[in-house]
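Source file: run.cif (mmCIF, C-alpha atoms)
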```
data_target
loop_
_atom_site.label_atom_id
_atom_site.label_comp_id
_atom_site.auth_asym_id
_atom_site.auth_seq_id
_atom_site.Cartn_x
_atom_site.Cartn_y
_atom_site.Cartn_z
CA MET A 133 -54.95 38.53 3.98
CA PRO A 134 -54.74 42.30 3.20
CA ALA A 135 -55.23 44.71 6.09
CA THR A 136 -58.42 46.15 4.59
CA ASN A 137 -59.95 42.70 4.64
CA ILE A 138 -58.83 42.16 8.23
CA HIS A 139 -60.55 45.41 9.20
CA ALA A 140 -63.68 44.25 7.38
CA TRP A 141 -63.70 41.07 9.44
CA GLU A 142 -63.26 43.03 12.64
CA SER A 143 -66.07 45.42 11.85
CA CYS A 144 -68.65 43.00 10.46
CA SER A 145 -71.64 42.00 12.53
CA LEU A 146 -71.96 38.55 14.04
CA GLN A 147 -75.04 37.93 11.90
CA THR A 148 -73.17 38.67 8.68
CA LEU A 149 -70.27 36.48 9.71
CA ALA A 150 -72.65 33.70 10.68
CA GLY A 151 -74.38 33.86 7.32
CA GLY A 152 -71.11 33.62 5.43
CA LEU A 153 -69.89 30.79 7.59
CA VAL A 154 -73.09 28.82 7.14
CA ALA A 155 -72.93 29.25 3.38
CA ALA A 156 -69.39 27.92 3.41
CA LEU A 157 -70.30 25.00 5.65
CA LEU A 158 -73.12 23.93 3.40
CA LEU A 159 -70.56 23.18 0.72
CA ALA A 160 -69.83 20.07 2.73
CA ALA A 161 -73.46 18.99 2.97
CA PRO A 162 -73.94 15.52 1.47
CA LEU A 163 -77.20 14.13 0.17
CA ALA A 164 -78.23 10.79 1.62
CA SER A 165 -78.98 7.95 -0.76
CA ALA A 166 -80.19 4.43 -1.03
CA ASP A 167 -78.07 1.45 -1.97
CA PRO A 168 -76.71 1.41 -5.56
CA GLY A 169 -77.36 -2.34 -5.55
CA ASP A 170 -81.07 -1.59 -5.25
CA THR A 171 -81.22 1.18 -7.83
CA LEU A 172 -78.65 -0.08 -10.36
CA GLY A 173 -78.51 -3.83 -9.73
CA LEU A 174 -75.53 -6.18 -9.73
CA SER A 175 -74.36 -8.53 -12.50
CA TRP A 176 -76.08 -9.19 -15.81
CA GLN A 177 -78.43 -11.62 -14.05
CA GLY A 178 -79.46 -9.49 -11.06
CA ARG A 179 -79.69 -6.27 -13.07
CA GLY A 180 -81.26 -8.00 -16.09
CA GLY A 181 -83.86 -9.65 -13.87
CA ALA A 182 -84.87 -6.30 -12.29
CA GLY A 183 -83.74 -7.52 -8.86
CA ALA A 184 -85.65 -10.84 -8.80
CA ALA A 185 -82.62 -12.71 -7.51
CA ALA A 186 -83.23 -14.21 -4.05
CA ALA A 187 -83.74 -17.76 -5.33
CA GLY A 188 -82.04 -18.14 -8.69
CA VAL A 189 -78.96 -15.91 -8.88
CA LYS A 190 -75.87 -17.89 -7.88
CA ASN A 191 -72.97 -15.96 -9.39
CA PHE A 192 -70.81 -13.46 -7.45
CA ALA A 193 -73.82 -11.13 -7.05
CA ALA A 194 -75.39 -13.64 -4.66
CA ALA A 195 -73.11 -12.07 -2.04
CA TYR A 196 -75.49 -9.10 -2.25
CA TYR A 197 -78.85 -10.68 -3.12
CA ASN A 198 -78.73 -13.90 -1.07
CA PRO A 199 -75.46 -15.34 0.29
CA ALA A 200 -76.95 -18.82 0.59
CA ASN A 201 -77.09 -19.15 -3.20
CA LEU A 202 -73.29 -19.24 -3.21
CA GLY A 203 -73.61 -22.79 -1.88
CA PHE A 204 -75.08 -23.90 -5.21
CA ALA A 205 -72.15 -22.53 -7.23
CA ALA A 206 -70.99 -24.84 -10.02
CA GLY A 207 -67.42 -23.55 -10.07
CA PRO A 208 -65.14 -20.54 -9.60
CA GLY A 209 -65.32 -17.52 -11.83
CA GLY A 210 -64.80 -13.82 -12.24
CA SER A 211 -66.40 -10.87 -13.99
CA ILE A 212 -65.67 -7.27 -14.93
CA SER A 213 -68.13 -4.89 -16.60
CA PHE A 214 -68.73 -1.26 -17.43
CA LEU A 215 -72.14 0.26 -16.67
CA GLN A 216 -73.41 3.53 -18.14
CA VAL A 217 -76.42 5.34 -16.64
CA ILE A 218 -78.30 8.14 -18.43
CA SER A 219 -80.86 10.26 -16.58
CA GLU A 220 -83.79 12.10 -18.14
CA LEU A 221 -85.58 12.93 -14.89
CA GLU A 222 -87.16 16.34 -14.36
CA PRO A 223 -86.35 18.85 -13.04
CA SER A 224 -82.86 18.61 -14.49
CA LYS A 225 -81.30 20.37 -11.47
CA ALA A 226 -82.65 17.81 -8.98
CA GLY A 227 -79.34 15.96 -8.80
CA ALA A 228 -80.36 12.72 -10.54
CA SER A 229 -77.32 10.48 -10.87
CA GLU A 230 -75.80 9.46 -14.17
CA GLY A 231 -72.41 8.50 -15.55
CA GLY A 232 -70.18 5.47 -15.73
CA PHE A 233 -69.62 2.68 -13.21
CA ILE A 234 -67.18 -0.21 -13.01
CA GLU A 235 -68.41 -3.55 -11.69
CA ALA A 236 -66.23 -6.49 -10.68
CA GLY A 237 -66.90 -9.77 -8.95
CA VAL A 238 -65.28 -13.06 -8.04
CA LEU A 239 -66.59 -16.45 -6.93
CA LEU A 240 -64.03 -18.70 -5.26
CA PRO A 241 -63.97 -21.82 -3.07
CA LEU A 242 -62.87 -21.07 0.50
CA LEU A 243 -62.99 -24.62 1.83
CA ALA A 244 -63.25 -27.82 -0.20
CA MET A 245 -62.22 -31.15 1.34
CA ASP A 246 -63.38 -34.72 0.87
CA GLY A 247 -66.50 -35.36 2.88
CA VAL A 248 -67.02 -31.65 3.62
CA ALA A 249 -69.50 -29.42 1.85
CA PRO A 250 -67.57 -26.75 -0.07
CA VAL A 251 -67.75 -23.19 1.23
CA TRP A 252 -67.91 -20.59 -1.51
CA MET A 253 -66.96 -16.93 -1.23
CA GLY A 254 -68.50 -14.20 -3.35
CA LEU A 255 -67.26 -10.62 -3.64
CA ALA A 256 -69.19 -7.91 -5.50
CA VAL A 257 -67.85 -4.39 -6.15
CA LEU A 258 -69.63 -1.53 -7.90
CA THR A 259 -67.91 1.86 -8.02
CA PRO A 260 -68.18 5.08 -10.03
CA ALA A 261 -65.64 5.10 -12.83
CA THR A 262 -64.19 8.41 -11.60
CA GLY A 263 -63.85 7.76 -7.85
CA PHE A 264 -65.21 6.02 -4.77
CA TYR A 265 -67.90 8.46 -3.67
CA GLU A 266 -69.25 11.95 -4.28
CA ILE A 267 -70.63 14.77 -2.11
CA ASP A 268 -72.91 17.48 -3.49
CA LEU A 269 -74.62 20.61 -2.18
CA TYR A 270 -78.38 20.47 -1.59
CA ASP A 271 -80.62 22.57 0.63
CA ASP A 272 -83.60 20.93 2.32
CA VAL A 273 -86.07 22.81 0.08
CA GLU A 274 -84.25 22.14 -3.19
CA PRO A 275 -85.88 19.46 -5.41
CA ALA A 276 -83.96 16.20 -4.97
CA TYR A 277 -84.42 12.51 -5.74
CA PRO A 278 -83.41 10.66 -2.56
CA LEU A 279 -82.84 7.34 -4.39
CA PHE A 280 -81.35 8.70 -7.60
CA SER A 281 -79.09 11.46 -6.31
CA SER A 282 -75.42 11.78 -7.02
CA ARG A 283 -74.88 10.11 -3.63
CA GLU A 284 -75.83 6.94 -5.46
CA ARG A 285 -72.40 7.33 -7.00
CA ARG A 286 -70.47 5.69 -4.19
CA LEU A 287 -68.58 2.46 -3.66
CA LEU A 288 -70.65 -0.66 -3.01
CA LEU A 289 -68.75 -3.63 -1.60
CA SER A 290 -70.50 -6.85 -0.58
CA ALA A 291 -68.70 -10.01 0.55
CA ALA A 292 -70.23 -13.25 1.75
CA ALA A 293 -69.71 -17.00 2.12
CA GLY A 294 -72.24 -19.75 1.54
CA THR A 295 -72.38 -23.54 1.74
CA LYS A 296 -74.82 -26.28 0.79
CA LEU A 297 -75.47 -28.28 3.96
CA PHE A 298 -77.77 -30.74 2.21
CA ASP A 299 -78.99 -31.15 -1.36
CA PHE A 300 -82.10 -29.21 -0.36
CA LEU A 301 -80.61 -26.58 2.00
CA ALA A 302 -77.92 -23.89 1.75
CA LEU A 303 -76.97 -21.15 4.20
CA GLY A 304 -74.86 -18.03 3.79
CA ALA A 305 -73.78 -14.85 5.56
CA GLY A 306 -71.63 -11.82 4.89
CA PHE A 307 -71.48 -8.05 5.07
CA GLU A 308 -71.91 -4.86 3.11
CA MET A 309 -69.51 -1.95 3.63
CA LEU A 310 -70.18 1.78 3.82
CA PRO A 311 -67.46 4.43 4.01
CA THR A 312 -67.46 6.92 6.91
CA VAL A 313 -66.15 10.46 7.08
CA LYS A 314 -64.95 12.39 10.16
CA THR A 315 -63.65 15.93 9.85
CA ASP A 316 -62.34 18.76 12.06
CA VAL A 317 -61.75 22.31 10.74
CA ASN A 318 -59.94 25.17 12.52
CA LEU A 319 -59.53 28.49 10.70
CA ASP A 320 -57.97 31.86 11.52
CA LEU A 321 -59.41 34.24 8.95
CA ALA A 322 -57.72 37.38 10.30
CA ASP A 323 -54.11 36.26 10.61
CA PRO A 324 -52.28 34.87 7.55
CA GLU A 325 -49.87 33.16 9.94
CA GLY A 326 -52.62 31.96 12.24
CA HIS A 327 -53.55 28.41 13.12
CA ASN A 328 -55.37 26.74 10.17
CA GLU A 329 -56.02 23.03 10.35
CA LEU A 330 -58.10 20.43 8.53
CA HIS A 331 -58.26 16.83 9.70
CA VAL A 332 -60.16 14.16 7.72
CA VAL A 333 -60.53 10.46 8.56
CA VAL A 334 -62.20 8.11 6.07
CA GLY A 335 -63.22 4.79 7.58
CA TYR A 336 -65.94 2.21 7.09
CA ARG A 337 -68.95 0.57 8.71
CA LEU A 338 -70.24 -2.94 8.07
CA SER A 339 -73.82 -4.18 7.99
CA PRO A 340 -74.73 -7.89 8.07
CA THR A 341 -76.28 -9.93 5.28
CA ALA A 342 -77.65 -13.45 5.64
CA GLY A 343 -79.61 -15.90 3.55
CA LEU A 344 -81.25 -19.30 3.34
CA THR A 345 -82.13 -21.23 0.20
CA LEU A 346 -84.36 -24.30 0.04
CA HIS A 347 -84.32 -26.69 -2.94
CA PRO A 348 -86.99 -29.24 -1.98
CA MET A 349 -87.51 -30.51 -5.54
CA ASP A 350 -85.80 -30.20 -8.91
CA GLN A 351 -88.28 -27.61 -10.16
CA LEU A 352 -88.50 -25.43 -7.04
CA LYS A 353 -86.13 -23.09 -5.22
CA ILE A 354 -87.07 -20.80 -2.34
CA GLY A 355 -84.73 -18.02 -1.22
CA LEU A 356 -84.89 -15.84 1.89
CA SER A 357 -82.40 -13.07 2.62
CA TYR A 358 -81.85 -10.25 5.09
CA ARG A 359 -79.69 -7.14 4.94
CA GLY A 360 -79.12 -5.03 8.04
CA GLU A 361 -79.49 -1.29 8.25
CA ASN A 362 -76.40 0.83 7.81
CA ARG A 363 -75.91 4.57 7.92
CA THR A 364 -73.08 7.05 7.99
CA TRP A 365 -73.31 10.43 9.71
CA LEU A 366 -70.99 13.30 8.93
CA ASP A 367 -70.12 15.38 12.00
CA LEU A 368 -68.15 18.43 10.93
CA PRO A 369 -67.07 20.70 13.82
CA VAL A 370 -65.64 24.05 12.73
CA GLU A 371 -63.79 26.68 14.79
CA VAL A 372 -63.14 30.13 13.31
CA GLN A 373 -61.04 33.01 14.65
CA ALA A 374 -61.75 36.33 12.92
CA GLY A 375 -60.34 39.57 14.31
CA GLY A 376 -61.09 38.78 17.94
CA ILE A 377 -64.34 37.01 17.19
CA HIS A 378 -64.42 33.31 18.01
CA LEU A 379 -67.05 31.14 16.35
CA GLU A 380 -67.84 27.47 16.67
CA ALA A 381 -70.16 25.64 14.31
CA LEU A 382 -71.29 22.09 13.77
CA VAL A 383 -72.62 20.46 10.60
CA ASN A 384 -74.56 17.19 10.90
CA ALA A 385 -75.77 15.20 7.92
CA GLN A 386 -76.67 11.65 7.06
CA VAL A 387 -74.19 10.80 4.32
CA TYR A 388 -75.35 7.32 3.39
CA TYR A 389 -78.32 5.18 4.34
CA VAL A 390 -79.10 1.52 3.63
CA PRO A 391 -82.44 0.30 5.03
CA HIS A 392 -83.23 -3.03 6.62
CA ARG A 393 -84.37 -5.29 3.81
CA VAL A 394 -86.08 -8.69 3.91
CA ASN A 395 -86.41 -10.47 0.58
CA ALA A 396 -88.25 -13.65 -0.36
CA GLY A 397 -88.12 -15.29 -3.77
CA VAL A 398 -89.51 -18.40 -5.44
CA GLU A 399 -88.09 -19.86 -8.64
CA TRP A 400 -89.90 -22.51 -10.64
CA ALA A 401 -88.10 -24.37 -13.44
CA PHE A 402 -90.41 -25.54 -16.20
CA SER A 403 -87.45 -27.28 -17.84
CA HIS A 404 -83.66 -27.18 -17.83
CA GLU A 405 -83.86 -24.20 -20.21
CA LEU A 406 -86.77 -22.17 -18.82
CA ALA A 407 -87.46 -20.83 -15.30
CA VAL A 408 -89.48 -18.05 -13.70
CA GLU A 409 -88.79 -16.26 -10.39
CA ALA A 410 -91.02 -13.98 -8.34
CA ASP A 411 -89.67 -11.90 -5.43
CA LEU A 412 -91.12 -9.65 -2.76
CA SER A 413 -88.85 -7.29 -0.80
CA TRP A 414 -89.60 -5.18 2.26
CA HIS A 415 -87.54 -2.00 2.72
CA HIS A 416 -87.48 -0.22 6.08
CA PHE A 417 -87.29 3.38 4.83
CA THR A 418 -89.01 4.70 7.95
CA GLY A 419 -85.51 5.20 9.37
CA PHE A 420 -84.48 7.42 6.43
CA SER A 421 -83.69 11.01 7.46
CA HIS A 422 -84.17 14.07 5.29
CA PRO A 423 -81.29 14.25 2.81
CA ALA A 424 -79.91 17.61 3.91
CA ALA A 425 -77.42 19.04 6.40
CA GLU A 426 -78.26 20.69 9.72
CA VAL A 427 -76.00 23.57 10.78
CA SER A 428 -75.53 24.86 14.34
CA LEU A 429 -73.69 28.08 15.23
CA LEU A 430 -72.57 27.94 18.87
CA ASP A 431 -72.01 30.82 21.27
CA ASN A 432 -69.46 30.96 24.12
CA GLU A 433 -71.72 28.77 26.26
CA GLY A 434 -72.25 26.14 23.56
CA ALA A 435 -75.84 27.14 22.77
CA ASP A 436 -77.04 27.21 19.17
CA THR A 437 -77.59 30.81 18.03
CA LEU A 438 -78.58 30.02 14.46
CA GLY A 439 -81.59 27.77 15.01
CA SER A 440 -81.20 26.04 11.64
CA THR A 441 -83.19 22.84 11.41
CA VAL A 442 -83.94 20.50 8.53
CA SER A 443 -87.56 20.45 7.45
CA PRO A 444 -89.16 17.13 8.43
CA VAL A 445 -90.11 14.53 5.82
CA SER A 446 -91.81 11.22 6.56
CA PHE A 447 -90.49 8.25 4.58
CA ASN A 448 -92.60 5.11 4.22
CA ASP A 449 -91.71 1.45 4.42
CA VAL A 450 -92.38 -0.18 1.04
CA PHE A 451 -92.88 -3.63 -0.48
CA THR A 452 -91.34 -4.05 -3.93
CA PRO A 453 -92.48 -7.00 -6.07
CA SER A 454 -90.38 -8.20 -9.00
CA VAL A 455 -90.50 -11.04 -11.49
CA ALA A 456 -87.93 -12.49 -13.89
CA VAL A 457 -87.92 -15.05 -16.71
CA ARG A 458 -84.73 -17.02 -17.37
CA TYR A 459 -83.85 -18.92 -20.54
CA LYS A 460 -80.74 -21.07 -20.86
CA PRO A 461 -79.97 -22.46 -24.32
CA THR A 462 -76.72 -24.24 -25.10
CA PHE A 463 -74.94 -21.10 -26.35
CA GLY A 464 -75.63 -18.82 -23.36
CA GLU A 465 -78.14 -17.52 -20.82
CA PHE A 466 -80.76 -14.77 -20.96
CA THR A 467 -83.12 -13.07 -18.54
CA ALA A 468 -85.78 -10.37 -18.52
CA GLY A 469 -87.52 -8.82 -15.53
CA TYR A 470 -89.90 -6.21 -14.15
CA ARG A 471 -90.07 -4.47 -10.75
CA TYR A 472 -92.59 -2.13 -9.21
CA PHE A 473 -91.24 0.28 -6.58
CA PRO A 474 -93.94 2.34 -4.80
CA SER A 475 -93.38 5.87 -3.60
CA LEU A 476 -91.31 6.41 -0.45
CA VAL A 477 -92.94 9.75 0.41
CA ASP A 478 -96.34 11.37 0.24
CA ASP A 479 -97.01 14.25 -2.16
CA GLN A 480 -94.73 17.18 -1.35
CA THR A 481 -97.38 19.83 -0.71
CA GLY A 482 -95.37 21.53 2.06
CA ILE A 483 -92.02 23.29 2.17
CA THR A 484 -89.90 20.28 1.14
CA ASN A 485 -89.41 18.91 -2.38
CA VAL A 486 -88.32 15.29 -1.96
CA LEU A 487 -89.09 13.71 -5.31
CA HIS A 488 -90.28 10.14 -5.53
CA SER A 489 -93.38 8.42 -6.85
CA ASP A 490 -94.29 4.96 -8.05
CA HIS A 491 -91.79 3.80 -10.62
CA HIS A 492 -91.39 0.82 -12.89
CA THR A 493 -88.23 -0.98 -13.97
CA ILE A 494 -88.03 -3.11 -17.11
CA ALA A 495 -84.73 -4.92 -17.66
CA THR A 496 -83.00 -7.57 -19.67
CA GLY A 497 -79.60 -9.25 -19.63
CA GLY A 498 -77.66 -12.19 -20.91
CA ARG A 499 -74.31 -13.73 -21.68
CA LEU A 500 -72.92 -15.54 -24.70
CA THR A 501 -70.12 -18.07 -24.83
CA LEU A 502 -67.08 -16.69 -26.65
CA ALA A 503 -64.60 -19.53 -26.19
CA GLU A 504 -64.44 -22.83 -24.35
CA GLY A 505 -61.54 -25.23 -23.91
CA GLU A 506 -61.40 -29.00 -23.56
CA GLY A 507 -61.43 -31.21 -20.48
CA ARG A 508 -62.29 -28.94 -17.49
CA PRO A 509 -61.64 -25.71 -19.34
CA ALA A 510 -61.98 -22.04 -18.73
CA ARG A 511 -65.11 -20.67 -20.35
CA PHE A 512 -65.11 -17.07 -21.57
CA LEU A 513 -68.40 -15.22 -21.97
CA LEU A 514 -69.63 -11.81 -23.11
CA ALA A 515 -72.15 -10.42 -20.62
CA TYR A 516 -74.59 -7.54 -21.11
CA SER A 517 -77.61 -5.93 -19.45
CA ALA A 518 -79.95 -3.01 -20.01
CA PHE A 519 -82.75 -1.39 -18.02
CA VAL A 520 -85.29 1.40 -18.17
CA ASP A 521 -86.46 2.93 -14.88
CA TYR A 522 -89.63 4.88 -15.58
CA MET A 523 -91.37 7.31 -13.21
CA PRO A 524 -94.66 8.77 -14.53
CA LYS A 525 -94.78 12.56 -14.60
CA THR A 526 -96.30 13.96 -11.39
CA ARG A 527 -97.42 17.51 -10.51
CA VAL A 528 -97.77 18.62 -6.90
CA PHE A 529 -99.19 21.93 -5.65
CA LYS A 530 -98.05 23.76 -2.54
CA GLU A 531 -100.83 24.29 0.00
CA GLU A 532 -99.56 27.66 1.24
CA ILE A 533 -97.74 30.69 -0.11
CA LEU A 534 -94.03 29.83 -0.30
CA VAL A 535 -92.41 32.61 -2.27
CA GLY A 536 -88.84 31.62 -3.06
CA ASN A 537 -89.49 27.89 -2.70
CA PRO A 538 -88.29 26.12 -5.89
CA GLY A 539 -91.46 24.02 -5.93
CA TYR A 540 -93.92 26.91 -5.58
CA PRO A 541 -96.64 27.20 -6.74
CA SER A 542 -96.37 23.73 -8.32
CA LEU A 543 -93.65 21.27 -9.22
CA VAL A 544 -93.52 18.71 -12.03
CA TYR A 545 -91.19 15.76 -11.71
CA GLY A 546 -90.65 12.34 -13.23
CA GLY A 547 -89.19 10.84 -16.36
CA ALA A 548 -86.85 7.93 -16.92
CA ARG A 549 -83.36 6.63 -16.39
CA TYR A 550 -81.58 4.25 -18.73
CA GLY A 551 -78.68 1.94 -18.05
CA PHE A 552 -76.68 -0.59 -20.02
CA SER A 553 -73.62 -2.68 -19.22
CA LEU A 554 -71.11 -4.74 -21.14
CA GLY A 555 -68.47 -7.02 -19.70
CA LEU A 556 -66.45 -10.22 -19.75
CA GLU A 557 -66.81 -13.29 -17.56
CA VAL A 558 -64.71 -16.38 -17.04
CA GLU A 559 -65.80 -19.66 -15.48
CA TYR A 560 -63.90 -22.82 -14.61
#
```
Could you write out this file's structure as structure tokens?
Amino acid sequence: MPATNIHAWESCSLQTLAGGLVAALLLAAPLASADPGDTLGLSWQGRGGAGAAAAGVKNFAAAYYNPANLGFAAGPGGSISFLQVISELEPSKAGASEGGFIEAGVLLPLLAMDGVAPVWMGLAVLTPATGFYEIDLYDDVEPAYPLFSSRERRLLLSAAAGTKLFDFLALGAGFEMLPTVKTDVNLDLADPEGHNELHVVVGYRLSPTAGLTLHPMDQLKIGLSYRGENRTWLDLPVEVQAGGIHLEALVNAQVYYVPHRVNAGVEWAFSHELAVEADLSWHHFTGFSHPAAEVSLLDNEGADTLGSTVSPVSFNDVFTPSVAVRYKPTFGEFTAGYRYFPSLVDDQTGITNVLHSDHHTIATGGRLTLAEGEGRPARFLLAYSAFVDYMPKTRVFKEEILVGNPGYPSLVYGGARYGFSLGLEVEY
């Protein structure tokens, strides 16, 4: 660093240095998000049925929706698809996610012996086409969609095993994985040969999934599933030496959040070709923290001199109903569904601008047989899905003068997101 710049560091005030440091630290501030499995869906059947999947979905995506359904698998198989998401939500700078995703899944027997009920394993993976996860900059007063942010663009991995204990009962259990990030930063801004160090550890955390499926009669299936809460916190300690000034700072942010979810579904088959499923899911979003980073600037005694706190936002638990119709002719399978997702937050009349209101999802999906061999052959299928996630336009007014707040004096948000997928499946 040139000498003139060193002198500038030595002569600057602590407040100026603190402001610059905080601005730099915020570049690492991630925005928390919900589970991509909830917002984007998994497989042509789960996505095409708008998430009504607790009772009737028994492909690889059952590892996510209800592991017990794996016990009713007819045979092994695999799938790979490409999903494209387009966002037309307002305001355009609110960080609504869009782009391409790659989805893959397998369904395999883990244990199959004479006299023993087979144990089936399902693995579901959904990842952005350009990487495993993303981190963006958002301040706590910037407009942001907590469920549709770019933090939705992260790896989803669900694995589970299920078995049919009796003709009328199947059980299953597994896990969902979240990545974790730990970082340490040490900088010497005054000495070009000083001690500069960055240490990053990327790990993972697991949350449990479990399910039970009842099949008391040919026409009726009842599915119950549970997914445990999972969250990842980013703790970023920073030490800075600058011309005799020593600063310590700490950035805390909730990187990812998956709420407790309890899901119940009932499927009724009118015939071998036609069935209807209705689901009701409870999401524990009360544990959701504000999607922004909190920065502390510490003095020599470890006390916070900055006093930066994230503005509080109350998130609500919600019940989300969904319904799907399934049709299975000889040449393929088709589904269509609808889901209603109520608002997670009350109207943003205060300083924060967390954008969410009641939204509606309409979806469809299917697969067509491309080729089929003889005997016990491999069956190749073309799978597709499409959805529209619509949020009616909403205008909120601030209740006090907030000059400089992006949502003042009023804020309009809403619109739609569109998604479609295309892929190949193989069954044996």
Explicit residues for the PyMOL selection byres ((chain A and resi 322) around 6) (as a ChimeraX atom specification): /A:138,320-321,323,374-375
Output C-alpha atoms for every residue in the selection just made, as a tab-separated table (two decimals), in the coordinates of the input.
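Here's the written file part_3.tsv:
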```
chain	number	residue	atom	x	y	z
A	138	ILE	CA	-58.83	42.16	8.23
A	320	ASP	CA	-57.97	31.86	11.52
A	321	LEU	CA	-59.41	34.24	8.95
A	323	ASP	CA	-54.11	36.26	10.61
A	374	ALA	CA	-61.75	36.33	12.92
A	375	GLY	CA	-60.34	39.57	14.31
```
State, in Å with one decimal place, the distance from atom CA of A:Leu356 to atom CA of A:Ala187.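 Value for the atom CA of A:Leu356-atom CA of A:Ala187 distance: 7.6 Å.
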Between atom CA of A:Leu301 and atom CA of A:Leu346, what is the distance, to one decimal in Å?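 Atom-to-atom, atom CA of A:Leu301 and atom CA of A:Leu346 are spaced 4.8 Å apart.
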Go ahead and compute the interatomic distance for atom CA of A:Thr259 and atom CA of A:Pro453, in Å to one decimal.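 It comes out at 26.2 Å.
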Could you list the residues chosen by the PyMOL selection byres ((chain A and resi 203-211) around 9) in this structure as a count of residues only? 40
Could you give me, as a ChimeraX atom specification, the residues within 12 Å of stretch 466-469 of chain A, counting only C-alpha atoms and dropping anything in the same chain fewer than 2 positions from it? /A:173,175-185,188-189,405-411,453-464,471-472,492-501,514-521
